[in-house]
file work_17.cif (mmCIF, C-alpha atoms and all ligand atoms; chains and numbers go by the auth columns)
data_query
loop_
_atom_site.group_PDB
_atom_site.id
_atom_site.type_symbol
_atom_site.label_atom_id
_atom_site.label_comp_id
_atom_site.label_asym_id
_atom_site.label_seq_id
_atom_site.Cartn_x
_atom_site.Cartn_y
_atom_site.Cartn_z
_atom_site.B_iso_or_equiv
_atom_site.auth_seq_id
_atom_site.auth_asym_id
ATOM 1 C CA MET A 1 162.924 197.562 177.429 0.00 19 F
ATOM 2 C CA SER A 2 162.168 193.846 177.623 0.00 20 F
ATOM 3 C CA MET A 3 159.049 192.615 179.379 0.00 21 F
ATOM 4 C CA ASN A 4 158.822 189.493 181.458 0.00 22 F
ATOM 5 C CA ILE A 5 155.577 187.879 180.363 0.00 23 F
ATOM 6 C CA ARG A 6 155.883 184.692 182.367 0.00 24 F
ATOM 7 C CA ALA A 7 152.547 183.656 183.787 0.00 25 F
ATOM 8 C CA ASN A 8 153.784 180.979 186.147 0.00 26 F
ATOM 9 C CA GLY A 9 152.263 182.764 189.133 0.00 27 F
ATOM 10 C CA GLY A 10 148.779 181.441 188.440 0.00 28 F
ATOM 11 C CA PRO A 11 145.488 182.833 187.113 0.00 29 F
ATOM 12 C CA ASP A 12 145.853 186.260 188.757 0.00 30 F
ATOM 13 C CA GLU A 13 149.312 186.588 187.271 0.00 31 F
ATOM 14 C CA LEU A 14 147.934 185.523 183.899 0.00 32 F
ATOM 15 C CA LEU A 15 145.321 188.295 184.076 0.00 33 F
ATOM 16 C CA ARG A 16 147.989 190.833 184.919 0.00 34 F
ATOM 17 C CA LYS A 17 150.150 189.724 181.998 0.00 35 F
ATOM 18 C CA VAL A 18 147.251 189.676 179.548 0.00 36 F
ATOM 19 C CA GLU A 19 146.312 193.211 180.558 0.00 37 F
ATOM 20 C CA ALA A 20 149.900 194.378 180.262 0.00 38 F
ATOM 21 C CA LEU A 21 150.399 192.862 176.824 0.00 39 F
ATOM 22 C CA SER A 22 147.022 193.797 175.383 0.00 40 F
ATOM 23 C CA ALA A 23 146.729 197.232 177.021 0.00 41 F
ATOM 24 C CA GLN A 24 143.119 196.317 177.855 0.00 42 F
ATOM 25 C CA ARG A 25 141.382 196.422 181.234 0.00 43 F
ATOM 26 C CA LEU A 26 139.249 193.303 181.434 0.00 44 F
ATOM 27 C CA ALA A 27 137.192 194.606 184.356 0.00 45 F
ATOM 28 C CA ASN A 28 135.615 197.045 181.876 0.00 46 F
ATOM 29 C CA CYS A 29 133.813 194.115 180.241 0.00 47 F
ATOM 30 C CA TYR A 30 130.223 193.885 181.465 0.00 48 F
ATOM 31 C CA GLN A 31 129.557 190.535 179.811 0.00 49 F
ATOM 32 C CA CYS A 32 127.002 191.643 177.257 0.00 50 F
ATOM 33 C CA GLY A 33 128.073 188.870 174.869 0.00 51 F
ATOM 34 C CA THR A 34 128.111 191.126 171.796 0.00 52 F
ATOM 35 C CA CYS A 35 131.636 190.034 170.915 0.00 53 F
ATOM 36 C CA SER A 36 130.632 186.377 170.832 0.00 54 F
ATOM 37 C CA GLY A 37 127.373 187.152 169.053 0.00 55 F
ATOM 38 C CA GLY A 38 129.213 188.649 166.088 0.00 56 F
ATOM 39 C CA CYS A 39 132.264 186.425 165.972 0.00 57 F
ATOM 40 C CA PRO A 40 132.368 184.271 162.807 0.00 58 F
ATOM 41 C CA LEU A 41 134.556 181.626 164.453 0.00 59 F
ATOM 42 C CA VAL A 42 132.598 180.729 167.577 0.00 60 F
ATOM 43 C CA GLY A 43 131.649 177.378 166.055 0.00 61 F
ATOM 44 C CA ALA A 44 135.274 176.272 166.269 0.00 62 F
ATOM 45 C CA MET A 45 135.983 177.793 169.703 0.00 63 F
ATOM 46 C CA ASP A 46 135.925 175.839 172.946 0.00 64 F
ATOM 47 C CA LEU A 47 135.210 178.956 175.017 0.00 65 F
ATOM 48 C CA LEU A 48 133.272 181.947 173.721 0.00 66 F
ATOM 49 C CA PRO A 49 135.202 185.239 173.699 0.00 67 F
ATOM 50 C CA ASP A 50 133.052 186.833 176.415 0.00 68 F
ATOM 51 C CA MET A 51 133.439 183.758 178.596 0.00 69 F
ATOM 52 C CA LEU A 52 137.172 183.712 178.014 0.00 70 F
ATOM 53 C CA ILE A 53 137.319 187.258 179.347 0.00 71 F
ATOM 54 C CA ARG A 54 135.179 186.213 182.290 0.00 72 F
ATOM 55 C CA HIS A 55 137.411 183.238 183.080 0.00 73 F
ATOM 56 C CA LEU A 56 140.452 185.505 183.021 0.00 74 F
ATOM 57 C CA SER A 57 138.767 188.182 185.132 0.00 75 F
ATOM 58 C CA VAL A 58 137.694 185.851 187.943 0.00 76 F
ATOM 59 C CA GLY A 59 140.900 183.825 187.832 0.00 77 F
ATOM 60 C CA LEU A 60 139.541 180.494 186.660 0.00 78 F
ATOM 61 C CA PRO A 61 142.349 178.073 185.760 0.00 79 F
ATOM 62 C CA GLY A 62 142.842 176.393 182.405 0.00 80 F
ATOM 63 C CA VAL A 63 142.533 179.379 180.086 0.00 81 F
ATOM 64 C CA LEU A 64 145.868 178.632 178.425 0.00 82 F
ATOM 65 C CA GLU A 65 144.673 175.096 177.660 0.00 83 F
ATOM 66 C CA ARG A 66 141.788 176.442 175.589 0.00 84 F
ATOM 67 C CA GLN A 67 141.836 176.607 171.787 0.00 85 F
ATOM 68 C CA THR A 68 139.804 179.797 171.419 0.00 86 F
ATOM 69 C CA PHE A 69 142.711 182.204 171.117 0.00 87 F
ATOM 70 C CA TRP A 70 144.295 180.022 168.428 0.00 88 F
ATOM 71 C CA VAL A 71 141.057 179.898 166.472 0.00 89 F
ATOM 72 C CA CYS A 72 140.567 183.681 166.584 0.00 90 F
ATOM 73 C CA VAL A 73 141.443 185.077 163.168 0.00 91 F
ATOM 74 C CA GLY A 74 141.833 188.663 164.359 0.00 92 F
ATOM 75 C CA CYS A 75 139.070 189.998 162.143 0.00 93 F
ATOM 76 C CA ASP A 76 138.202 192.756 164.656 0.00 94 F
ATOM 77 C CA THR A 77 134.449 192.278 164.323 0.00 95 F
ATOM 78 C CA CYS A 78 134.227 192.037 168.100 0.00 96 F
ATOM 79 C CA VAL A 79 136.397 195.110 168.493 0.00 97 F
ATOM 80 C CA ASP A 80 134.112 197.168 166.275 0.00 98 F
ATOM 81 C CA ARG A 81 130.993 196.030 168.138 0.00 99 F
ATOM 82 C CA CYS A 82 132.090 196.070 171.764 0.00 100 F
ATOM 83 C CA PRO A 83 130.115 198.793 173.594 0.00 101 F
ATOM 84 C CA ARG A 84 132.928 199.083 176.132 0.00 102 F
ATOM 85 C CA GLY A 85 135.667 199.648 173.597 0.00 103 F
ATOM 86 C CA ILE A 86 137.522 196.481 174.532 0.00 104 F
ATOM 87 C CA ASP A 87 139.934 195.161 171.922 0.00 105 F
ATOM 88 C CA VAL A 88 139.205 191.449 172.241 0.00 106 F
ATOM 89 C CA ALA A 89 141.528 190.624 169.358 0.00 107 F
ATOM 90 C CA ARG A 90 144.454 192.075 171.304 0.00 108 F
ATOM 91 C CA ILE A 91 143.498 189.929 174.285 0.00 109 F
ATOM 92 C CA MET A 92 143.568 186.874 172.036 0.00 110 F
ATOM 93 C CA GLU A 93 146.984 187.851 170.701 0.00 111 F
ATOM 94 C CA ALA A 94 148.278 188.380 174.237 0.00 112 F
ATOM 95 C CA LEU A 95 147.194 184.848 175.145 0.00 113 F
ATOM 96 C CA ARG A 96 148.942 183.468 172.067 0.00 114 F
ATOM 97 C CA GLN A 97 152.137 185.259 173.015 0.00 115 F
ATOM 98 C CA ILE A 98 152.013 184.018 176.589 0.00 116 F
ATOM 99 C CA HIS A 99 151.242 180.484 175.496 0.00 117 F
ATOM 100 C CA LEU A 100 154.151 180.467 173.061 0.00 118 F
ATOM 101 C CA ARG A 101 156.501 181.374 175.903 0.00 119 F
ATOM 102 C CA GLU A 102 154.983 179.208 178.615 0.00 120 F
ATOM 103 C CA ARG A 103 153.992 175.915 177.109 0.00 121 F
ATOM 104 C CA SER A 104 156.036 173.171 175.533 0.00 122 F
ATOM 105 C CA GLU A 105 153.127 171.655 173.636 0.00 123 F
ATOM 106 C CA PRO A 106 151.999 173.165 170.316 0.00 124 F
ATOM 107 C CA PRO A 107 148.341 174.077 169.780 0.00 125 F
ATOM 108 C CA ALA A 108 146.325 170.872 169.923 0.00 126 F
ATOM 109 C CA LEU A 109 145.098 170.921 166.361 0.00 127 F
ATOM 110 C CA ALA A 110 144.850 167.130 166.522 0.00 128 F
ATOM 111 C CA HIS A 111 142.056 167.495 169.066 0.00 129 F
ATOM 112 C CA LEU A 112 139.811 169.314 166.625 0.00 130 F
ATOM 113 C CA THR A 113 137.316 167.482 164.440 0.00 131 F
ATOM 114 C CA ASP A 114 137.766 167.214 160.676 0.00 132 F
ATOM 115 C CA THR A 115 134.954 169.715 160.246 0.00 133 F
ATOM 116 C CA GLN A 116 136.587 172.186 162.619 0.00 134 F
ATOM 117 C CA LEU A 117 139.939 171.730 160.891 0.00 135 F
ATOM 118 C CA GLY A 118 138.313 172.405 157.535 0.00 136 F
ATOM 119 C CA GLU A 119 136.873 175.635 158.879 0.00 137 F
ATOM 120 C CA LEU A 120 139.999 176.650 160.766 0.00 138 F
ATOM 121 C CA PRO A 121 141.379 180.060 159.827 0.00 139 F
ATOM 122 C CA PRO A 122 144.973 180.187 158.576 0.00 140 F
ATOM 123 C CA ILE A 123 146.088 181.997 161.711 0.00 141 F
ATOM 124 C CA ALA A 124 145.740 178.814 163.754 0.00 142 F
ATOM 125 C CA LEU A 125 148.103 176.984 161.436 0.00 143 F
ATOM 126 C CA VAL A 126 150.458 179.949 161.374 0.00 144 F
ATOM 127 C CA ALA A 127 150.370 180.048 165.153 0.00 145 F
ATOM 128 C CA SER A 128 151.200 176.369 165.291 0.00 146 F
ATOM 129 C CA MET A 129 154.168 176.973 163.032 0.00 147 F
ATOM 130 C CA ARG A 130 155.254 179.892 165.197 0.00 148 F
ATOM 131 C CA ARG A 131 155.219 177.634 168.230 0.00 149 F
ATOM 132 C CA SER A 132 157.448 175.069 166.608 0.00 150 F
ATOM 133 C CA THR A 133 159.929 177.657 165.355 0.00 151 F
ATOM 134 C CA SER A 134 160.053 180.082 168.305 0.00 152 F
HETATM 135 S S1 LIG B . 131.298 192.949 173.653 0.00 201 F
HETATM 136 FE FE1 LIG B . 132.785 193.941 175.061 0.00 201 F
HETATM 137 S S2 LIG B . 131.642 194.333 176.985 0.00 201 F
HETATM 138 FE FE2 LIG B . 130.457 192.850 175.757 0.00 201 F
HETATM 139 S S3 LIG B . 131.117 190.818 176.513 0.00 201 F
HETATM 140 FE FE3 LIG B . 132.394 191.311 174.729 0.00 201 F
HETATM 141 S S4 LIG B . 134.244 192.322 175.571 0.00 201 F
HETATM 142 FE FE4 LIG B . 132.658 192.343 177.188 0.00 201 F
HETATM 143 S S1 LIG B . 138.805 189.102 166.308 0.00 202 F
HETATM 144 FE FE1 LIG B . 138.721 186.930 166.940 0.00 202 F
HETATM 145 S S2 LIG B . 137.256 186.859 168.642 0.00 202 F
HETATM 146 FE FE2 LIG B . 136.958 188.815 167.565 0.00 202 F
HETATM 147 S S3 LIG B . 135.283 188.437 166.082 0.00 202 F
HETATM 148 FE FE3 LIG B . 137.241 188.098 165.011 0.00 202 F
HETATM 149 S S4 LIG B . 137.677 185.898 165.214 0.00 202 F
HETATM 150 FE FE4 LIG B . 136.099 186.424 166.762 0.00 202 F
#

call {"tool": "encode", "arguments": {"input": "work_17.cif", "output": "structure tokens", "more": "lines below"}}
Ligand code: SF4
Ligand code: SF4
result
Amino acid sequence: MSMNIRANGGPDELLRKVEALSAQRLANCYQCGTCSGGCPLVGAMDLLPDMLIRHLSVGLPGVLERQTFWVCVGCDTCVDRCPRGIDVARIMEALRQIHLRERSEPPALAHLTDTQLGELPPIALVASMRRSTS
């Protein structure tokens, strides 16, 4: 069965789609910050993982314009440490999938500094390639 993952309906619709794709309930997050505290890539993110979840949960706009979910390498450190059992990596992947289907622009790698690019995990480059070939 195919799933419509369009998020054109706005932030609330984006939350619904992220939860459907990731099979995670974001309201279970109590904002302890443990995920961000253990993430090795926060230095290259423009929104910490816990704040990204918060932005999604309260319906703040602009989440799909962020770079955080492209920078996430899917290492699962946050998943192992989350006291609420939330799979943050799956939330990041859901955002990548939605972005790939919704946006015409590829990930803005050009907006990152040389230092950030040097530290960028391969998944960001792979994701950029996926965007241009999907
Ligand atoms: S570790 Fe889990 S409960 Fe804590 S902020 Fe991150 S996602 Fe939310
Ligand atoms: S899975 Fe992503 S968000 Fe979680 S610790 Fe690893 S890089 Fe950070």

call {"tool": "closest_residue", "arguments": {"input": "work_17.cif", "among": "F:Val97, F:Cys90, F:Leu113, F:Ala41", "to": "Ala62 in chain F", "atoms": "all atoms listed in the file"}}
result
F:Cys90

call {"tool": "resolve_selection", "arguments": {"input": "work_17.cif", "expression": "the PyMOL selection byres (((chain F and resi 109) around 9) and not hetatm)", "output": "list of chain:residue names"}}
result
F:Val36, F:Glu37, F:Leu39, F:Ser40, F:Ala41, F:Gln42, F:Leu44, F:Ile71, F:Phe87, F:Ile104, F:Asp105, F:Val106, F:Ala107, F:Arg108, F:Met110, F:Glu111, F:Ala112, F:Leu113, F:Arg114

call {"tool": "residues_around", "arguments": {"input": "work_17.cif", "residues": "Cys53 in chain F", "least_positions_apart": "4", "cutoff": "12 Å", "atoms": "all atoms listed in the file", "output": "list in words"}}
result
Cys47, Tyr48, Gln49, Cys57, Pro58, Leu59, Val60, Leu66, Pro67, Asp68, Met69, Leu70, Ile71, Cys90, Cys93, Asp94, Thr95, Cys96, Val97, Asp98, Arg99, Cys100, Pro101, Arg102, Gly103, Ile104, Asp105, Val106 and Ala107 of chain F

call {"tool": "axis_aligned_box", "arguments": {"input": "work_17.cif", "around": "ligand LIG 201 (chain F)", "padding_each_side": "8 Å", "output": "JSON"}}
result
{"center_x": 132.4, "center_y": 192.6, "center_z": 175.4, "size_x": 19.8, "size_y": 19.5, "size_z": 19.5}

call {"tool": "atom_distance", "arguments": {"input": "work_17.cif", "atom1": "CA of Pro79 in chain F", "atom2": "CA of Thr131 in chain F"}}
result
24.3 Å

call {"tool": "atom_distance", "arguments": {"input": "work_17.cif", "atom1": "atom S2 of ligand LIG 202 (chain F)", "atom2": "CA of Gln134 in chain F"}}
result
15.9 Å

call {"tool": "closest_residue", "arguments": {"input": "work_17.cif", "among": "F:Leu78, F:Ala45, F:Leu118, F:Leu33", "to": "ligand LIG 201 (chain F)", "atoms": "only C-alpha atoms and all ligand atoms"}}
result
F:Ala45

call {"tool": "closest_residue", "arguments": {"input": "work_17.cif", "among": "F:His73, F:Met63, F:Gln115, F:Lys35", "to": "Val91 in chain F", "atoms": "all atoms listed in the file"}}
result
F:Met63

call {"tool": "closest_residue", "arguments": {"input": "work_17.cif", "among": "F:Arg34, F:Arg72, F:Asp64, F:Leu82", "to": "Gly51 in chain F", "atoms": "only C-alpha atoms"}}
result
F:Arg72

call {"tool": "closest_residue", "arguments": {"input": "work_17.cif", "among": "F:Cys50, F:Ala38, F:Val89, F:Leu32", "to": "ligand LIG 201 (chain F)", "atoms": "all atoms listed in the file"}}
result
F:Cys50

call {"tool": "closest_residue", "arguments": {"input": "work_17.cif", "among": "F:Thr52, F:Asn46, F:Arg84, F:Glu31", "to": "ligand LIG 202 (chain F)", "atoms": "all atoms listed in the file"}}
result
F:Thr52

call {"tool": "decode", "arguments": {"input": "work_17.cif", "residues": "range 72-127 of chain F", "atoms": "C-alpha atoms", "output": "PDB file, in the first residue's frame"}}
result
ATOM      1  CA  ARG F  72      10.141  20.457  20.023  1.00  0.00           C
ATOM      2  CA  HIS F  73       9.708  22.556  16.882  1.00  0.00           C
ATOM      3  CA  LEU F  74       7.823  19.704  15.238  1.00  0.00           C
ATOM      4  CA  SER F  75       5.674  19.065  18.308  1.00  0.00           C
ATOM      5  CA  VAL F  76       4.496  22.661  18.722  1.00  0.00           C
ATOM      6  CA  GLY F  77       4.136  23.241  14.990  1.00  0.00           C
ATOM      7  CA  LEU F  78       6.837  25.836  14.457  1.00  0.00           C
ATOM      8  CA  PRO F  79       7.442  26.489  10.748  1.00  0.00           C
ATOM      9  CA  GLY F  80      10.739  26.096   8.932  1.00  0.00           C
ATOM     10  CA  VAL F  81      11.770  22.642  10.112  1.00  0.00           C
ATOM     11  CA  LEU F  82      12.233  21.393   6.553  1.00  0.00           C
ATOM     12  CA  GLU F  83      14.598  24.299   5.862  1.00  0.00           C
ATOM     13  CA  ARG F  84      16.955  23.125   8.599  1.00  0.00           C
ATOM     14  CA  GLN F  85      20.138  21.152   7.920  1.00  0.00           C
ATOM     15  CA  THR F  86      20.058  19.015  11.061  1.00  0.00           C
ATOM     16  CA  PHE F  87      18.381  15.975   9.550  1.00  0.00           C
ATOM     17  CA  TRP F  88      20.885  15.965   6.681  1.00  0.00           C
ATOM     18  CA  VAL F  89      23.801  16.161   9.087  1.00  0.00           C
ATOM     19  CA  CYS F  90      22.528  13.279  11.238  1.00  0.00           C
ATOM     20  CA  VAL F  91      24.633  10.220  10.463  1.00  0.00           C
ATOM     21  CA  GLY F  92      22.180   7.735  11.960  1.00  0.00           C
ATOM     22  CA  CYS F  93      24.620   6.461  14.558  1.00  0.00           C
ATOM     23  CA  ASP F  94      21.796   5.688  17.028  1.00  0.00           C
ATOM     24  CA  THR F  95      23.638   7.116  20.027  1.00  0.00           C
ATOM     25  CA  CYS F  96      20.569   9.195  20.820  1.00  0.00           C
ATOM     26  CA  VAL F  97      18.328   6.179  20.383  1.00  0.00           C
ATOM     27  CA  ASP F  98      20.334   4.162  22.889  1.00  0.00           C
ATOM     28  CA  ARG F  99      20.296   6.979  25.448  1.00  0.00           C
ATOM     29  CA  CYS F 100      16.767   8.335  25.187  1.00  0.00           C
ATOM     30  CA  PRO F 101      14.951   7.617  28.480  1.00  0.00           C
ATOM     31  CA  ARG F 102      11.633   7.699  26.630  1.00  0.00           C
ATOM     32  CA  GLY F 103      12.593   5.149  24.019  1.00  0.00           C
ATOM     33  CA  ILE F 104      12.243   7.595  21.148  1.00  0.00           C
ATOM     34  CA  ASP F 105      14.065   6.653  17.959  1.00  0.00           C
ATOM     35  CA  VAL F 106      15.392  10.073  16.984  1.00  0.00           C
ATOM     36  CA  ALA F 107      17.303   8.625  14.045  1.00  0.00           C
ATOM     37  CA  ARG F 108      14.035   7.439  12.507  1.00  0.00           C
ATOM     38  CA  ILE F 109      12.601  10.928  12.934  1.00  0.00           C
ATOM     39  CA  MET F 110      15.601  12.325  11.076  1.00  0.00           C
ATOM     40  CA  GLU F 111      15.134   9.797   8.285  1.00  0.00           C
ATOM     41  CA  ALA F 112      11.435  10.647   8.054  1.00  0.00           C
ATOM     42  CA  LEU F 113      12.325  14.316   7.580  1.00  0.00           C
ATOM     43  CA  ARG F 114      14.814  13.411   4.857  1.00  0.00           C
ATOM     44  CA  GLN F 115      12.179  11.383   3.051  1.00  0.00           C
ATOM     45  CA  ILE F 116       9.607  14.150   3.270  1.00  0.00           C
ATOM     46  CA  HIS F 117      12.096  16.761   2.147  1.00  0.00           C
ATOM     47  CA  LEU F 118      13.117  14.680  -0.856  1.00  0.00           C
ATOM     48  CA  ARG F 119       9.488  14.552  -1.967  1.00  0.00           C
ATOM     49  CA  GLU F 120       8.500  18.107  -1.109  1.00  0.00           C
ATOM     50  CA  ARG F 121      11.339  20.393  -2.009  1.00  0.00           C
ATOM     51  CA  SER F 122      12.920  21.229  -5.324  1.00  0.00           C
ATOM     52  CA  GLU F 123      16.164  22.487  -3.822  1.00  0.00           C
ATOM     53  CA  PRO F 124      18.885  20.020  -2.779  1.00  0.00           C
ATOM     54  CA  PRO F 125      20.367  20.184   0.725  1.00  0.00           C
ATOM     55  CA  ALA F 126      22.138  23.516   1.069  1.00  0.00           C
ATOM     56  CA  LEU F 127      25.627  22.159   1.496  1.00  0.00           C
TER      57      LEU F 127
END
